[in-house]
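Data from start-v3.txt: compact mmCIF, C-alpha atoms and all ligand atoms
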# COMPACT_ATOMS: atom_id res chain seq x y z
CA MET B 1 10.30 17.52 -35.26
CA ASN B 2 9.27 20.76 -33.60
CA ASP B 3 6.97 23.01 -35.53
CA ARG B 4 8.22 26.56 -34.99
CA THR B 5 5.06 28.03 -36.45
CA LEU B 6 3.01 26.95 -33.42
CA ARG B 7 2.12 29.73 -31.01
CA VAL B 8 -0.23 29.87 -28.04
CA ASN B 9 -2.05 33.20 -27.96
CA SER B 10 -5.67 34.02 -27.20
CA TRP B 11 -7.05 36.80 -25.00
CA ASN B 12 -10.71 36.67 -25.89
CA GLY B 13 -13.23 34.57 -27.81
CA TRP B 14 -13.54 36.67 -30.97
CA ASP B 15 -10.14 37.63 -32.43
CA PRO B 16 -9.30 35.88 -35.75
CA LEU B 17 -8.89 32.16 -35.07
CA ARG B 18 -5.72 30.44 -36.36
CA HIS B 19 -5.47 27.22 -34.37
CA VAL B 20 -8.05 25.33 -32.34
CA LEU B 21 -8.59 22.07 -30.50
CA VAL B 22 -11.76 20.11 -31.39
CA GLY B 23 -12.96 17.33 -29.06
CA ARG B 24 -13.80 13.70 -29.86
CA ALA B 25 -16.82 11.64 -28.81
CA ASP B 26 -14.93 8.31 -28.66
CA GLY B 27 -15.76 6.18 -25.64
CA THR B 28 -17.84 8.83 -23.84
CA MET B 29 -19.60 7.41 -20.80
CA VAL B 30 -22.79 8.03 -18.91
CA GLN B 31 -20.70 8.31 -15.79
CA ALA B 32 -21.03 6.17 -12.71
CA PRO B 33 -22.69 8.04 -9.81
CA GLU B 34 -20.50 10.23 -7.60
CA PRO B 35 -21.21 13.02 -5.10
CA ALA B 36 -20.96 15.89 -7.64
CA VAL B 37 -23.11 14.38 -10.37
CA GLN B 38 -25.84 11.83 -10.74
CA ARG B 39 -27.19 10.81 -14.12
CA ASP B 40 -30.79 9.67 -14.22
CA PHE B 41 -32.13 8.75 -17.67
CA PRO B 42 -34.73 6.05 -16.89
CA ASP B 43 -36.40 6.32 -20.32
CA ASP B 44 -33.10 6.02 -22.19
CA GLY B 45 -31.72 2.92 -20.51
CA PHE B 46 -29.69 4.58 -17.77
CA PRO B 47 -31.78 4.91 -14.59
CA LEU B 48 -30.21 6.50 -11.52
CA GLY B 49 -27.21 4.49 -10.33
CA SER B 50 -26.50 2.79 -13.67
CA TYR B 51 -23.66 3.76 -15.99
CA GLY B 52 -21.95 2.69 -19.17
CA PRO B 53 -20.79 3.78 -22.62
CA MET B 54 -23.00 6.04 -24.73
CA PRO B 55 -24.77 4.00 -27.46
CA ALA B 56 -22.40 3.25 -30.35
CA GLU B 57 -24.67 4.78 -33.00
CA MET B 58 -24.90 8.05 -31.06
CA THR B 59 -21.13 8.17 -30.65
CA ALA B 60 -20.60 7.52 -34.36
CA GLU B 61 -23.00 10.30 -35.36
CA ALA B 62 -21.43 12.77 -32.92
CA ASN B 63 -17.95 11.93 -34.22
CA GLU B 64 -19.10 12.45 -37.80
CA GLN B 65 -20.35 15.94 -36.92
CA LEU B 66 -17.17 16.73 -34.97
CA ASP B 67 -15.00 15.57 -37.91
CA ASP B 68 -17.09 17.60 -40.36
CA PHE B 69 -16.77 20.67 -38.12
CA ALA B 70 -12.98 20.18 -38.02
CA GLY B 71 -13.06 20.00 -41.83
CA ILE B 72 -15.05 23.26 -42.09
CA LEU B 73 -12.44 25.00 -39.93
CA GLN B 74 -9.49 23.50 -41.84
CA ARG B 75 -10.92 24.57 -45.20
CA ARG B 76 -10.91 28.11 -43.81
CA GLY B 77 -7.19 27.81 -43.11
CA ILE B 78 -7.55 27.15 -39.37
CA ARG B 79 -5.22 24.52 -37.91
CA VAL B 80 -7.10 21.85 -35.93
CA ASP B 81 -5.74 19.49 -33.29
CA ARG B 82 -7.66 16.68 -31.61
CA PRO B 83 -7.37 15.04 -28.17
CA THR B 84 -6.20 11.47 -27.62
CA PRO B 85 -9.08 9.53 -26.04
CA LEU B 86 -8.40 7.18 -23.12
CA ASP B 87 -10.36 4.12 -22.13
CA PHE B 88 -13.04 6.13 -20.32
CA SER B 89 -14.81 2.98 -19.14
CA GLN B 90 -11.98 2.19 -16.74
CA GLN B 91 -12.17 2.53 -12.99
CA VAL B 92 -9.93 5.30 -11.64
CA ALA B 93 -8.63 5.96 -8.15
CA THR B 94 -6.51 8.30 -6.05
CA PRO B 95 -5.37 7.60 -2.47
CA ASP B 96 -8.69 9.18 -1.37
CA TRP B 97 -11.34 7.51 -3.54
CA THR B 98 -12.24 5.08 -6.29
CA GLN B 99 -14.57 6.00 -9.16
CA GLU B 100 -16.14 3.35 -11.37
CA SER B 101 -15.81 5.25 -14.67
CA MET B 102 -14.38 8.30 -16.38
CA PHE B 103 -16.35 10.59 -18.73
CA GLY B 104 -14.89 11.48 -22.17
CA CYS B 105 -13.07 14.19 -24.15
CA MET B 106 -15.73 15.85 -26.27
CA PRO B 107 -15.81 19.19 -24.40
CA PRO B 108 -12.16 20.31 -24.09
CA ARG B 109 -13.44 23.82 -23.19
CA ASP B 110 -14.39 22.47 -19.76
CA VAL B 111 -10.81 21.45 -18.98
CA LEU B 112 -8.47 23.96 -20.65
CA LEU B 113 -8.37 27.75 -20.33
CA THR B 114 -6.21 29.78 -22.71
CA VAL B 115 -5.23 33.24 -21.46
CA GLY B 116 -2.61 34.90 -23.65
CA ASN B 117 0.35 32.52 -24.02
CA GLU B 118 -0.84 30.36 -21.13
CA ILE B 119 -2.93 27.20 -21.20
CA LEU B 120 -4.25 26.33 -17.75
CA GLU B 121 -5.61 22.90 -16.85
CA ALA B 122 -8.69 23.40 -14.62
CA THR B 123 -9.12 21.49 -11.36
CA MET B 124 -12.49 19.98 -12.39
CA CYS B 125 -14.76 18.75 -9.59
CA TYR B 126 -16.16 15.43 -10.84
CA ARG B 127 -14.13 12.40 -9.83
CA SER B 128 -15.01 10.98 -13.27
CA ARG B 129 -13.22 13.94 -14.86
CA TRP B 130 -10.17 14.08 -12.55
CA PHE B 131 -7.87 12.42 -15.11
CA GLU B 132 -9.40 13.98 -18.22
CA TYR B 133 -6.42 16.31 -18.69
CA LEU B 134 -4.47 13.23 -19.83
CA ALA B 135 -6.42 13.23 -23.13
CA TYR B 136 -5.00 16.69 -23.85
CA ARG B 137 -1.42 16.08 -22.74
CA PRO B 138 -0.11 15.01 -26.19
CA VAL B 139 -1.28 18.34 -27.69
CA LEU B 140 -0.03 20.36 -24.70
CA GLN B 141 3.36 18.66 -24.83
CA GLN B 142 3.63 19.42 -28.54
CA LEU B 143 2.76 23.09 -27.96
CA PHE B 144 5.23 23.31 -25.09
CA ASP B 145 8.02 21.82 -27.22
CA ALA B 146 7.29 24.02 -30.22
CA ASP B 147 6.51 27.42 -28.69
CA PRO B 148 9.27 28.72 -26.40
CA ASN B 149 6.86 31.27 -24.93
CA MET B 150 4.02 28.88 -24.09
CA ARG B 151 3.19 28.80 -20.38
CA TRP B 152 1.84 25.40 -19.39
CA GLU B 153 0.03 25.56 -16.05
CA ALA B 154 -2.18 23.26 -14.00
CA ALA B 155 -4.33 24.39 -11.08
CA PRO B 156 -3.82 22.43 -7.84
CA LYS B 157 -5.16 18.91 -8.29
CA PRO B 158 -8.12 18.67 -5.88
CA ARG B 159 -8.52 15.94 -3.28
CA LEU B 160 -12.27 15.54 -3.97
CA THR B 161 -12.91 13.77 -0.70
CA ASP B 162 -16.46 13.79 0.69
CA ALA B 163 -15.52 17.09 2.39
CA SER B 164 -15.72 18.80 -1.03
CA TYR B 165 -19.44 18.03 -1.43
CA ARG B 166 -22.56 18.84 0.56
CA PRO B 167 -23.95 15.49 1.74
CA GLY B 168 -27.22 14.46 0.10
CA PHE B 169 -27.28 17.60 -2.07
CA TRP B 170 -29.09 16.15 -5.09
CA GLU B 171 -31.77 14.37 -3.07
CA THR B 172 -32.82 17.62 -1.41
CA TYR B 173 -32.09 20.12 -4.21
CA ASN B 174 -34.19 18.24 -6.75
CA LYS B 175 -37.20 18.51 -4.40
CA VAL B 176 -37.09 22.12 -3.18
CA PRO B 177 -39.41 24.72 -4.78
CA LEU B 178 -38.09 26.95 -7.56
CA ALA B 179 -37.80 30.07 -5.40
CA GLU B 180 -35.65 28.23 -2.88
CA LYS B 181 -33.47 26.81 -5.65
CA LEU B 182 -32.87 30.29 -7.02
CA GLU B 183 -32.11 31.62 -3.55
CA ARG B 184 -29.50 28.88 -3.16
CA VAL B 185 -27.98 29.75 -6.54
CA ARG B 186 -27.83 33.45 -5.56
CA ASN B 187 -26.10 32.56 -2.30
CA HIS B 188 -23.98 29.98 -4.09
CA ASP B 189 -25.13 27.31 -1.67
CA LEU B 190 -24.89 24.38 -4.08
CA VAL B 191 -23.25 20.96 -4.24
CA LEU B 192 -19.65 22.10 -3.75
CA THR B 193 -18.30 23.14 -0.37
CA GLU B 194 -15.39 25.55 0.00
CA ALA B 195 -12.97 22.87 1.21
CA GLU B 196 -10.62 23.48 -1.73
CA PRO B 197 -10.46 25.47 -5.00
CA LEU B 198 -12.64 23.94 -7.71
CA PHE B 199 -13.47 25.25 -11.17
CA ASP B 200 -14.22 24.18 -14.73
CA ALA B 201 -12.53 26.27 -17.42
CA ALA B 202 -15.88 26.68 -19.22
CA ASP B 203 -17.20 28.82 -16.36
CA ILE B 204 -14.87 31.61 -17.46
CA ALA B 205 -15.70 34.18 -20.16
CA ARG B 206 -12.59 35.97 -21.47
CA CYS B 207 -12.80 39.62 -22.52
CA GLY B 208 -9.18 40.78 -22.62
CA LYS B 209 -8.31 42.28 -19.25
CA ASP B 210 -11.61 41.15 -17.73
CA LEU B 211 -12.30 37.51 -16.86
CA PHE B 212 -15.86 36.67 -15.76
CA VAL B 213 -16.09 33.55 -13.59
CA GLN B 214 -19.51 32.00 -13.04
CA LEU B 215 -20.05 30.43 -9.61
CA SER B 216 -21.89 27.24 -10.50
CA LEU B 217 -22.46 23.56 -9.78
CA VAL B 218 -18.82 22.98 -10.80
CA THR B 219 -17.07 26.20 -9.71
CA ASN B 220 -16.85 27.36 -6.10
CA ARG B 221 -15.78 30.64 -4.48
CA SER B 222 -12.43 29.17 -3.59
CA GLY B 223 -11.87 28.31 -7.25
CA TYR B 224 -12.71 31.90 -8.15
CA ARG B 225 -10.25 33.20 -5.53
CA TRP B 226 -7.54 30.92 -6.90
CA LEU B 227 -8.13 32.27 -10.41
CA LYS B 228 -8.04 35.85 -9.15
CA ARG B 229 -4.64 35.33 -7.54
CA HIS B 230 -3.37 33.35 -10.52
CA PHE B 231 -4.14 36.19 -12.95
CA PRO B 232 -2.98 39.28 -11.01
CA ASP B 233 -2.86 41.45 -14.14
CA HIS B 234 -6.50 40.80 -14.94
CA ARG B 235 -9.74 41.95 -13.37
CA VAL B 236 -11.31 38.67 -12.34
CA HIS B 237 -15.02 38.89 -11.44
CA ALA B 238 -17.33 36.33 -9.81
CA VAL B 239 -20.80 36.36 -11.36
CA THR B 240 -24.05 34.42 -10.97
CA PHE B 241 -27.16 34.15 -13.10
CA THR B 242 -30.75 33.28 -12.20
CA ASN B 243 -30.51 29.67 -13.37
CA THR B 244 -31.45 26.62 -11.31
CA HIS B 245 -28.75 24.54 -13.01
CA PRO B 246 -25.71 26.81 -13.50
CA LEU B 247 -23.13 24.81 -15.46
CA HIS B 248 -20.61 26.70 -17.61
CA ILE B 249 -21.07 30.33 -18.58
CA ASP B 250 -20.95 29.72 -22.34
CA ALA B 251 -24.63 28.92 -22.82
CA THR B 252 -25.68 31.94 -20.76
CA TRP B 253 -23.40 34.97 -21.29
CA VAL B 254 -21.53 34.95 -24.58
CA PRO B 255 -19.35 37.93 -25.60
CA LEU B 256 -19.25 37.97 -29.44
CA ARG B 257 -17.13 41.05 -30.17
CA PRO B 258 -16.10 44.23 -28.36
CA GLY B 259 -19.36 45.99 -27.51
CA LEU B 260 -21.74 43.04 -27.91
CA VAL B 261 -22.64 40.21 -25.53
CA LEU B 262 -25.33 37.64 -26.28
CA HIS B 263 -27.42 36.77 -23.23
CA CYS B 264 -29.82 33.93 -22.54
CA GLY B 265 -32.66 36.04 -21.17
CA GLU B 266 -34.23 33.07 -19.37
CA ARG B 267 -31.26 33.24 -17.02
CA PRO B 268 -31.25 36.90 -15.93
CA ALA B 269 -27.90 38.46 -15.12
CA GLU B 270 -27.26 40.51 -12.00
CA PRO B 271 -28.23 44.16 -12.68
CA GLU B 272 -24.72 45.24 -11.62
CA LEU B 273 -23.11 43.04 -14.30
CA VAL B 274 -25.43 44.41 -16.99
CA LYS B 275 -24.70 47.95 -15.86
CA TYR B 276 -20.93 47.31 -15.95
CA TYR B 277 -21.24 46.27 -19.59
CA GLU B 278 -23.54 49.14 -20.47
CA ILE B 279 -21.45 51.93 -18.98
CA ASN B 280 -18.56 50.52 -21.02
CA ASP B 281 -20.65 50.84 -24.20
CA TRP B 282 -21.49 47.19 -24.59
CA GLU B 283 -24.92 46.17 -25.83
CA VAL B 284 -26.49 43.23 -23.99
CA VAL B 285 -28.55 41.36 -26.59
CA GLU B 286 -31.17 38.85 -25.49
CA ALA B 287 -30.95 35.74 -27.69
CA VAL B 288 -34.09 34.50 -29.45
CA GLN B 289 -35.56 31.16 -28.34
CA PRO B 290 -33.60 28.05 -29.40
CA ALA B 291 -34.95 25.67 -32.04
CA SER B 292 -36.45 22.32 -31.04
CA TRP B 293 -34.16 19.62 -29.66
CA LYS B 294 -36.88 16.98 -29.80
CA HIS B 295 -34.81 14.32 -31.54
CA TYR B 296 -31.54 14.99 -29.77
CA GLN B 297 -32.30 15.12 -26.06
CA ARG B 298 -31.64 11.45 -25.43
CA LEU B 299 -29.03 11.08 -22.63
CA SER B 300 -28.30 14.82 -22.73
CA PHE B 301 -27.47 16.81 -19.60
CA CYS B 302 -27.40 20.11 -21.52
CA SER B 303 -30.28 22.48 -22.18
CA PRO B 304 -31.54 23.79 -25.56
CA TRP B 305 -29.54 26.92 -24.75
CA LEU B 306 -26.60 25.17 -26.38
CA ALA B 307 -27.99 27.29 -29.22
CA VAL B 308 -25.93 30.26 -27.99
CA ASN B 309 -22.81 28.11 -27.52
CA ILE B 310 -21.25 29.84 -30.50
CA LEU B 311 -17.68 29.74 -31.83
CA ASN B 312 -16.33 32.97 -33.32
CA LEU B 313 -13.94 32.66 -36.26
CA ASP B 314 -13.28 36.40 -36.06
CA PRO B 315 -15.23 39.47 -34.82
CA GLN B 316 -17.57 39.32 -37.84
CA THR B 317 -17.91 35.56 -38.36
CA VAL B 318 -19.62 33.04 -36.08
CA CYS B 319 -20.27 29.31 -36.28
CA VAL B 320 -23.87 28.57 -35.25
CA GLU B 321 -25.63 25.19 -35.08
CA GLU B 322 -27.39 24.83 -38.44
CA THR B 323 -30.88 24.28 -37.03
CA GLU B 324 -30.78 27.59 -35.11
CA VAL B 325 -32.01 29.64 -38.07
CA ARG B 326 -33.82 32.25 -35.97
CA LEU B 327 -30.67 32.89 -33.97
CA ALA B 328 -28.67 33.06 -37.20
CA ASP B 329 -31.13 35.68 -38.54
CA GLN B 330 -30.76 37.65 -35.33
CA LEU B 331 -26.97 37.63 -35.64
CA VAL B 332 -27.05 38.59 -39.32
CA LYS B 333 -29.02 41.70 -38.27
CA TYR B 334 -26.10 42.56 -36.00
CA GLY B 335 -23.73 42.36 -38.95
CA PHE B 336 -22.33 38.85 -38.50
CA GLU B 337 -21.60 36.35 -41.23
CA VAL B 338 -23.02 33.03 -39.97
CA VAL B 339 -21.36 29.70 -40.77
CA PRO B 340 -24.03 27.00 -40.18
CA VAL B 341 -22.62 23.80 -38.64
CA PRO B 342 -24.64 20.58 -38.11
CA PHE B 343 -23.94 19.78 -34.45
CA ARG B 344 -27.13 18.51 -32.82
CA ALA B 345 -25.78 14.97 -32.35
CA VAL B 346 -22.85 16.28 -30.28
CA GLY B 347 -25.06 17.85 -27.57
CA PRO B 348 -25.49 14.67 -25.45
CA PHE B 349 -21.68 14.36 -25.35
CA GLY B 350 -21.40 17.56 -23.34
CA GLY B 351 -22.03 20.67 -25.36
CA GLY B 352 -22.12 22.79 -28.47
CA LEU B 353 -19.62 24.45 -30.77
CA HIS B 354 -17.93 26.47 -28.02
CA CYS B 355 -17.76 23.58 -25.52
CA ALA B 356 -16.29 21.34 -28.21
CA THR B 357 -13.32 23.64 -28.85
CA VAL B 358 -10.39 25.36 -27.15
CA ASP B 359 -8.62 28.34 -28.66
CA ILE B 360 -4.92 27.75 -29.16
CA GLU B 361 -4.14 30.76 -31.31
CA ARG B 362 -6.06 33.86 -32.22
CA ASP B 363 -4.49 37.03 -33.61
CA GLY B 364 -4.58 39.93 -31.21
CA VAL B 365 -3.17 41.30 -28.00
CA LEU B 366 -4.37 41.96 -24.47
CA GLU B 367 -6.82 44.86 -24.52
CA ASP B 368 -8.98 46.61 -21.97
CA TYR B 369 -12.60 46.62 -23.13
CA PHE B 370 -13.94 47.97 -19.81
CA PRO B 371 -12.24 51.27 -19.00
CA HIS B 372 -15.03 52.36 -16.60
CA ARG B 373 -15.58 50.86 -13.13
CA TYR B 374 -19.04 50.18 -11.74
CA GLY B 375 -20.10 48.79 -8.36
CA ARG B 376 -18.00 45.81 -7.39
CA PHE B 377 -16.66 45.49 -10.95
O1 LIG B 401 -26.61 25.61 -19.94
O2 LIG B 401 -27.34 23.90 -20.95
C1 LIG B 401 -24.25 23.86 -21.09
C2 LIG B 401 -23.02 23.11 -20.73
C3 LIG B 401 -21.96 23.42 -21.62
N1 LIG B 401 -20.73 22.74 -21.28
C4 LIG B 401 -26.49 24.47 -20.32
C5 LIG B 401 -25.22 23.75 -20.03
As structure tokens:
Amino acid sequence: MNDRTLRVNSWNGWDPLRHVLVGRADGTMVQAPEPAVQRDFPDDGFPLGSYGPMPAEMTAEANEQLDDFAGILQRRGIRVDRPTPLDFSQQVATPDWTQESMFGCMPPRDVLLTVGNEILEATMCYRSRWFEYLAYRPVLQQLFDADPNMRWEAAPKPRLTDASYRPGFWETYNKVPLAEKLERVRNHDLVLTEAEPLFDAADIARCGKDLFVQLSLVTNRSGYRWLKRHFPDHRVHAVTFTNTHPLHIDATWVPLRPGLVLHCGERPAEPELVKYYEINDWEVVEAVQPASWKHYQRLSFCSPWLAVNILNLDPQTVCVEETEVRLADQLVKYGFEVVPVPFRAVGPFGGGLHCATVDIERDGVLEDYFPHRYGRF
């Protein structure tokens, strides 16, 4: 039966949260090698070239934390949906290629972008993640059936032939000196070519009328241009940060409420971006150092900056990983109520509290938080 109370609506990451998707760790893989990504965990049983399911005990612990997080949200009256995992160990193929494994469905934020009443399926750029949208289709179908105003969109499915990747990228990039790496990041000369539009949804920070798209290891200029044309009523900006491994904007530049953005200072923002925020009366706050990840770095491709991968429940309330007490103290000083959530075990499955979720409904309407123009913004 259709549930007429369902409604897709979210314009930013801070309005009061009513309905959210929370990922699952089931069956997550250390993916088989492919041009866009190579896992190399020699000390943890997965040296370069090998692949297979994440260890069962790690998956169980991550799922326990994800389920507990879902429970915390539900007890606050927030509706929670979950994806439907596939057999991620299976080989997948298109007419252009065959890939020995898929990945998982812990970080739905990477795949789905909610803008107003629209949910957009991102292109993705890993062959192992090409079919990941299928894990979210049951929820999307339900939303489409229930909400007559929901816009269900999918960006053009990419070909992901060898033409989409710079040959031998990882072999050379891993060896070049830091300064050269940063120069390549600034020029966006990374693993993806411009053969076709490619983006992950998690490279986009939503601030009402302004969408900030990070050019990264998984988002190219063509992907940014596609997004700009797809959202003609928004101001869509391409941004980069000084970060040798740019992967998703939500551990780097995290808007927490109108007028306040949390910034990972180890990854400096372009001065023009900072100035754009400042002339619009936003404060750019440098986050304190993350807590230790010593016991939870096994098989992880994320950095300790998952600390700032925060989920807002409303403009005054934020979910923060429970070990990040210094960050929590910092946020309390800015007037936030902090909900501590144990989430360390989820990190190796692809992210933190923001990565693990997708907004389906928040109260609120489209607003312009940046009335003043600056530079290219
Ligand atoms: O910056 O450590 C976070 C990835 C979130 N999906 C980082 C990557």
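Residues near the point (-21.0, 43.2, -23.5), at a distance of 6 Å or less over all atoms listed in the file, make up Pro255, Gly259, Leu260, Val261, Tyr277, Trp282, Glu283 and Val284 of chain B.
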With 5 Å added on each side, what axis-aligned box encloses every listed atom of ligand LIG 401 (chain B)? Give the centre and edge lengths in Å to one decimal, as lines of an AutoDock Vina configuration file.
center_x = -24.0
center_y = 24.2
center_z = -20.8
size_x = 16.6
size_y = 12.9
size_z = 11.7
Expected selection as JSON, numbers by chain for ligand LIG 401 (chain B) within 7 Å, all atoms listed in the file: {"B": [107, 110, 202, 246, 247, 248, 250, 251, 252, 302, 303, 304, 305, 306, 350, 351, 352, 355]}
With all atoms listed in the file as the basis for distance, which of B:Ala291, B:Arg206, B:Tyr296, B:Leu198 is at the shortest distance from Arg326 in chain B?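 When distances to Arg326 in chain B are compared using all atoms listed in the file, the smallest one comes from B:Ala291.
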Between CA of Pro177 in chain B and CA of Phe41 in chain B, what is the spacing in Å?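 Separation of CA of Phe41 in chain B and CA of Pro177 in chain B: 21.8 Å.
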Within 9 Å of file point (-7.5, 5.6, -25.0), counting all atoms listed in the file, expressed as number ranges by chain: B: 26-27, 84-88, 135
Write out, as a short mmCIF file (atom, residue, chain, number, x, y, z; two decimals), in the frame of the given file, the residues just selected, with C-alpha atoms.
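Output saved as out.cif:
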data_model
loop_
_atom_site.label_atom_id
_atom_site.label_comp_id
_atom_site.auth_asym_id
_atom_site.auth_seq_id
_atom_site.Cartn_x
_atom_site.Cartn_y
_atom_site.Cartn_z
CA ASP B 26 -14.93 8.31 -28.66
CA GLY B 27 -15.76 6.18 -25.64
CA THR B 84 -6.20 11.47 -27.62
CA PRO B 85 -9.08 9.53 -26.04
CA LEU B 86 -8.40 7.18 -23.12
CA ASP B 87 -10.36 4.12 -22.13
CA PHE B 88 -13.04 6.13 -20.32
CA ALA B 135 -6.42 13.23 -23.13
#
